[in-house]
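First comes the structure, then the notes that go with it.
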Amino acid sequence: MTMLPFFEWCETTAIASAIKNSPWAFAVIESFHLLGLAVIGGAVLIVNLRLLGLAFRSQPVSEIAHEAQPWFVGSLTVMLTTGVAMFLSEAMKCYYSESFSVKMVSLMLAIVFTFTIHRRLVIAEEAAMRPHRQKLVALISLALWFAVAAAGRWIGFSG
Amino acid sequence: MSLLGFCQWLASTPWSIALHESLYMYPLVESVHVLTLTVFLGTAVMLDLRLLGLTLRKVDVEEVVARLAPWMIGGFVVMFASGAMLFYAIPVRSFQNVFFRFKVIFLVLAGINAWLFHSGIYQTVKKWNLDRVPPKRARMAGLISLVLWAFIVIAGRMIAYNWFDCDIQPQPAIVNWWSGCIVENRQ
């Protein structure tokens, strides 16, 4: 089974045509995608820096995670919304873009990892934690989100 | 030498041409510039949000500044160096770009805002270090910083679009004035 018809359909949607027919819509959506990137970067970084023992060592991990959570969820929502809009307007380019496939796979992994293993670790009791495990989870989280961002940037250079 | 003349000279240097024409180097530098946004602006946003009393409320403001400063400074150095390389690759077009000029002005304003914060209300941080919501002047500094950096990101992203480029004429007179375009054969 091929996904081609689905990608073709995406580009025929009303949102896709509206973006394609506007000279500035894509640029504006892209800018908000970047603003979301800055916020999600900050939210992901502070929690992982804490796990790595590089910042806020005097605060419990769960406290930092709790404070960062709304900003993470909020910026992720902005990124997904603007990302879907941009994808619809150039679905065929994405279909043929290797960077896009890499980004989607790493994004799935990053989201699943964040809301399962990472989440369970950051809300756990401090005493029950092993530092090596904390550091490993932080490094995996950073690597996954970096892959999402880097592959995302590279979509723009392909095609 | 005028600024435009300087940019034209920059554009004629071999390294500028090499960077401009490189298949991988330019996109690589641009990716570094964009991705470092997460480190520099990500941490700056978290500090601004702390000043607004919107995150890390139980952490001392001083500690937030101390812990995030290395990442902000390091990130800024990378942002500035990679940004300078992007400018060096395309000096004349960047110099005459409407959005680039806005970006430089916003950057200067963001710098002034940060300096005013550090030399002003931050000097008394010991008094409000643990306040969940810091005093008004600190909140203002955080808010202004967030707004200015949002404009900087948007202006930066828009530099890539050629809507107002000098070689696309006619443009409204105010656009040509702001971008410093030298328009020949005015109709």
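Every chain in the structure tokens takes a letter, A first, then B, and so on in the order presented; its residues are numbered from 1, and the ligands are numbered from 1 following the presented order.
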
Write out as a tab-separated table (two decimals) with N, CA and C atoms, in the first residue's frame every residue belonging to chain B that has an atom at most 6 Å from any atom of chain A, counting only C-alpha atoms.
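Printed below is result04.tsv as written:
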chain	number	residue	atom	x	y	z
B	37	LEU	N	18.94	28.43	18.25
B	37	LEU	CA	17.81	29.18	18.79
B	37	LEU	C	17.24	28.48	20.03
B	38	THR	N	17.22	27.15	19.98
B	38	THR	CA	16.64	26.39	21.10
B	38	THR	C	17.46	26.61	22.37
B	41	LEU	N	17.68	31.16	22.77
B	41	LEU	CA	16.38	31.77	23.04
B	41	LEU	C	15.55	30.91	23.99
B	42	GLY	N	15.70	29.60	23.89
B	42	GLY	CA	14.98	28.71	24.80
B	42	GLY	C	15.27	29.05	26.25
B	43	THR	N	16.56	29.22	26.58
B	43	THR	CA	16.90	29.55	27.96
B	43	THR	C	16.52	30.99	28.29
B	55	THR	N	7.00	30.64	35.35
B	55	THR	CA	7.61	29.30	35.44
B	55	THR	C	8.71	29.32	36.50
B	56	LEU	N	9.13	28.13	36.93
B	56	LEU	CA	10.20	27.97	37.94
B	56	LEU	C	9.98	28.88	39.14
B	67	ARG	N	22.19	29.84	36.57
B	67	ARG	CA	22.21	28.53	35.91
B	67	ARG	C	22.00	28.63	34.41
B	154	ILE	N	10.98	36.55	13.89
B	154	ILE	CA	10.12	36.72	12.71
B	154	ILE	C	10.87	37.48	11.62

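The environment of region 121-130 of chain B within 8 Å, counting only C-alpha atoms and disregarding residues fewer than 4 places along the same chain, consists of B:Lys58, B:Val59, B:Asp60, B:Val61, B:Glu62, B:Phe117, B:Pro134, B:Pro135, B:Arg137, B:Ala138.
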
Near Asp167 (chain B), counting only C-alpha atoms, which residues have an atom at most 10 Å away, once you skip same-chain residues fewer than 4 positions from it, shown as an MDAnalysis selection string?
-> chainID B and resid 93 162:163 171 181:183

Any idea what's packed within 10 Å of Val61 (chain A), counting only C-alpha atoms, ignoring anything in its chain fewer than 5 positions away? Could you give it as an mmCIF file with C-alpha atoms, in the first residue's frame?
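Dumped everything to around.cif:
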data_model
loop_
_atom_site.group_PDB
_atom_site.id
_atom_site.type_symbol
_atom_site.label_atom_id
_atom_site.label_comp_id
_atom_site.auth_asym_id
_atom_site.auth_seq_id
_atom_site.Cartn_x
_atom_site.Cartn_y
_atom_site.Cartn_z
ATOM 1 C CA ILE A 46 15.864 22.883 31.435
ATOM 2 C CA VAL A 47 14.379 19.519 32.401
ATOM 3 C CA ASN A 48 17.168 17.566 30.725
ATOM 4 C CA LEU A 49 19.876 19.883 32.097
ATOM 5 C CA ARG A 50 18.438 19.177 35.535
ATOM 6 C CA LEU A 51 18.512 15.426 34.873
ATOM 7 C CA GLY A 53 22.940 17.624 36.916
ATOM 8 C CA PHE A 56 19.030 23.675 39.272
ATOM 9 C CA HIS A 66 6.181 20.378 36.686
ATOM 10 C CA LEU A 121 11.289 9.299 35.430
ATOM 11 C CA VAL A 122 10.814 13.027 36.055
ATOM 12 C CA ILE A 123 7.746 12.607 38.270
ATOM 13 C CA ALA A 124 9.263 9.743 40.286
ATOM 14 C CA GLU A 125 10.513 10.132 43.839
ATOM 15 C CA GLU A 126 14.056 11.470 43.948
ATOM 16 C CA GLN A 134 18.620 9.876 34.680
#

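Here CA of Val65 (chain B) is placed at a distance of 6.8 Å from CA of Leu47 (chain B).
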
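Of the listed residues (B:Tyr24, B:Phe6, B:Tyr161, B:Trp149), B:Trp149 comes nearest to Gly111 (chain B); the distances count only C-alpha atoms.
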
Based on DSSP run over this structure's backbone, return all residues of region 27-178 of chain B in alpha helix (DSSP H), as a ChimeraX atom specification.
-> /B:27-51,61-89,91-95,98-119,125-128,136-158,173-178

Identify, on the basis of only C-alpha atoms, every residue whose closest approach to Ala25 (chain A) does not exceed 12 Å; exclude the query and any residue fewer than 3 positions from it along the same chain; express the result as a ChimeraX atom specification.
-> /A:15-22,28-32,82,85-86,89 /B:158

Which polymer residues have any atom within 9 Å of an atom of Ala141 (chain B), counting only C-alpha atoms, with same-chain residues fewer than 2 positions away left out, as a list of chain:residue names?
->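 Using only C-alpha atoms, the neighbours found are B:Asp48, B:Leu51, B:Leu52, B:Asn113, B:Ala114, B:Leu116, B:Phe117, B:Lys136, B:Arg137, B:Ala138, B:Arg139, B:Leu143, B:Ile144, B:Ser145, B:Leu146.
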
Expected file contents, prior selection, N, CA and C atoms, as a CSV table (one decimal), in the first residue's frame:
chain,number,residue,atom,x,y,z
B,48,ASP,N,12.9,34.9,31.1
B,48,ASP,CA,11.9,36.0,31.0
B,48,ASP,C,10.6,35.5,31.6
B,51,LEU,N,10.8,35.8,35.2
B,51,LEU,CA,10.7,37.3,35.6
B,51,LEU,C,9.2,37.6,35.6
B,52,LEU,N,8.4,37.0,34.8
B,52,LEU,CA,7.0,37.3,34.7
B,52,LEU,C,6.2,36.4,35.7
B,113,ASN,N,17.6,46.7,26.5
B,113,ASN,CA,16.6,46.2,27.5
B,113,ASN,C,17.3,45.3,28.6
B,114,ALA,N,18.2,44.4,28.1
B,114,ALA,CA,18.9,43.5,28.9
B,114,ALA,C,19.9,44.3,29.8
B,116,LEU,N,19.6,47.5,30.7
B,116,LEU,CA,18.8,48.3,31.7
B,116,LEU,C,18.3,47.4,32.8
B,117,PHE,N,18.0,46.1,32.5
B,117,PHE,CA,17.5,45.2,33.5
B,117,PHE,C,18.6,44.9,34.5
B,136,LYS,N,7.3,45.0,39.4
B,136,LYS,CA,6.8,45.4,38.0
B,136,LYS,C,8.0,45.6,37.0
B,137,ARG,N,9.0,46.3,37.5
B,137,ARG,CA,10.1,46.6,36.5
B,137,ARG,C,10.8,45.4,36.0
B,138,ALA,N,10.9,44.3,36.8
B,138,ALA,CA,11.4,43.1,36.4
B,138,ALA,C,10.5,42.4,35.4
B,139,ARG,N,9.2,42.5,35.7
B,139,ARG,CA,8.2,41.8,34.8
B,139,ARG,C,8.2,42.5,33.5
B,143,LEU,N,8.9,40.9,29.8
B,143,LEU,CA,7.9,41.0,28.7
B,143,LEU,C,8.5,41.7,27.5
B,144,ILE,N,9.2,42.8,27.7
B,144,ILE,CA,9.8,43.5,26.5
B,144,ILE,C,10.8,42.6,25.8
B,145,SER,N,11.5,41.8,26.6
B,145,SER,CA,12.5,40.9,26.0
B,145,SER,C,11.8,39.9,25.2
B,146,LEU,N,10.7,39.3,25.7
B,146,LEU,CA,9.9,38.3,24.9
B,146,LEU,C,9.4,38.8,23.6

Nearest to Glu30 (chain B) among B:Gly180, B:Gly53, B:Gly83, B:Gly5, with distances taken over only C-alpha atoms: which residue is it?
->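 Residue with the minimum atom-to-atom distance to Glu30 (chain B): B:Gly83.
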
Nearest to Tyr88 (chain B), chosen from B:Gly75, B:Gly120, B:Pro172, B:Pro14, with only C-alpha atoms counted in the distances =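 The answer is B:Pro14, which sits nearest to Tyr88 (chain B).
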
CA of Val175 (chain B) to CA of Phe100 (chain B), distance in Å rounded to a single decimal |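 Distance between the two atoms: 12.7 Å.
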
What is the distance, in Å and to one decimal place, between CA of Arg50 (chain B) and CA of Val32 (chain B)?
->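 Going from CA of Arg50 (chain B) over to CA of Val32 (chain B), I get 26.8 Å.
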
Residues near Val29 (chain B), cut-off 12 Å, only C-alpha atoms, skip fewer than 5 positions along chain, as a ChimeraX atom specification = /A:150,153-154 /B:19-20,22-24,34-36,78-89
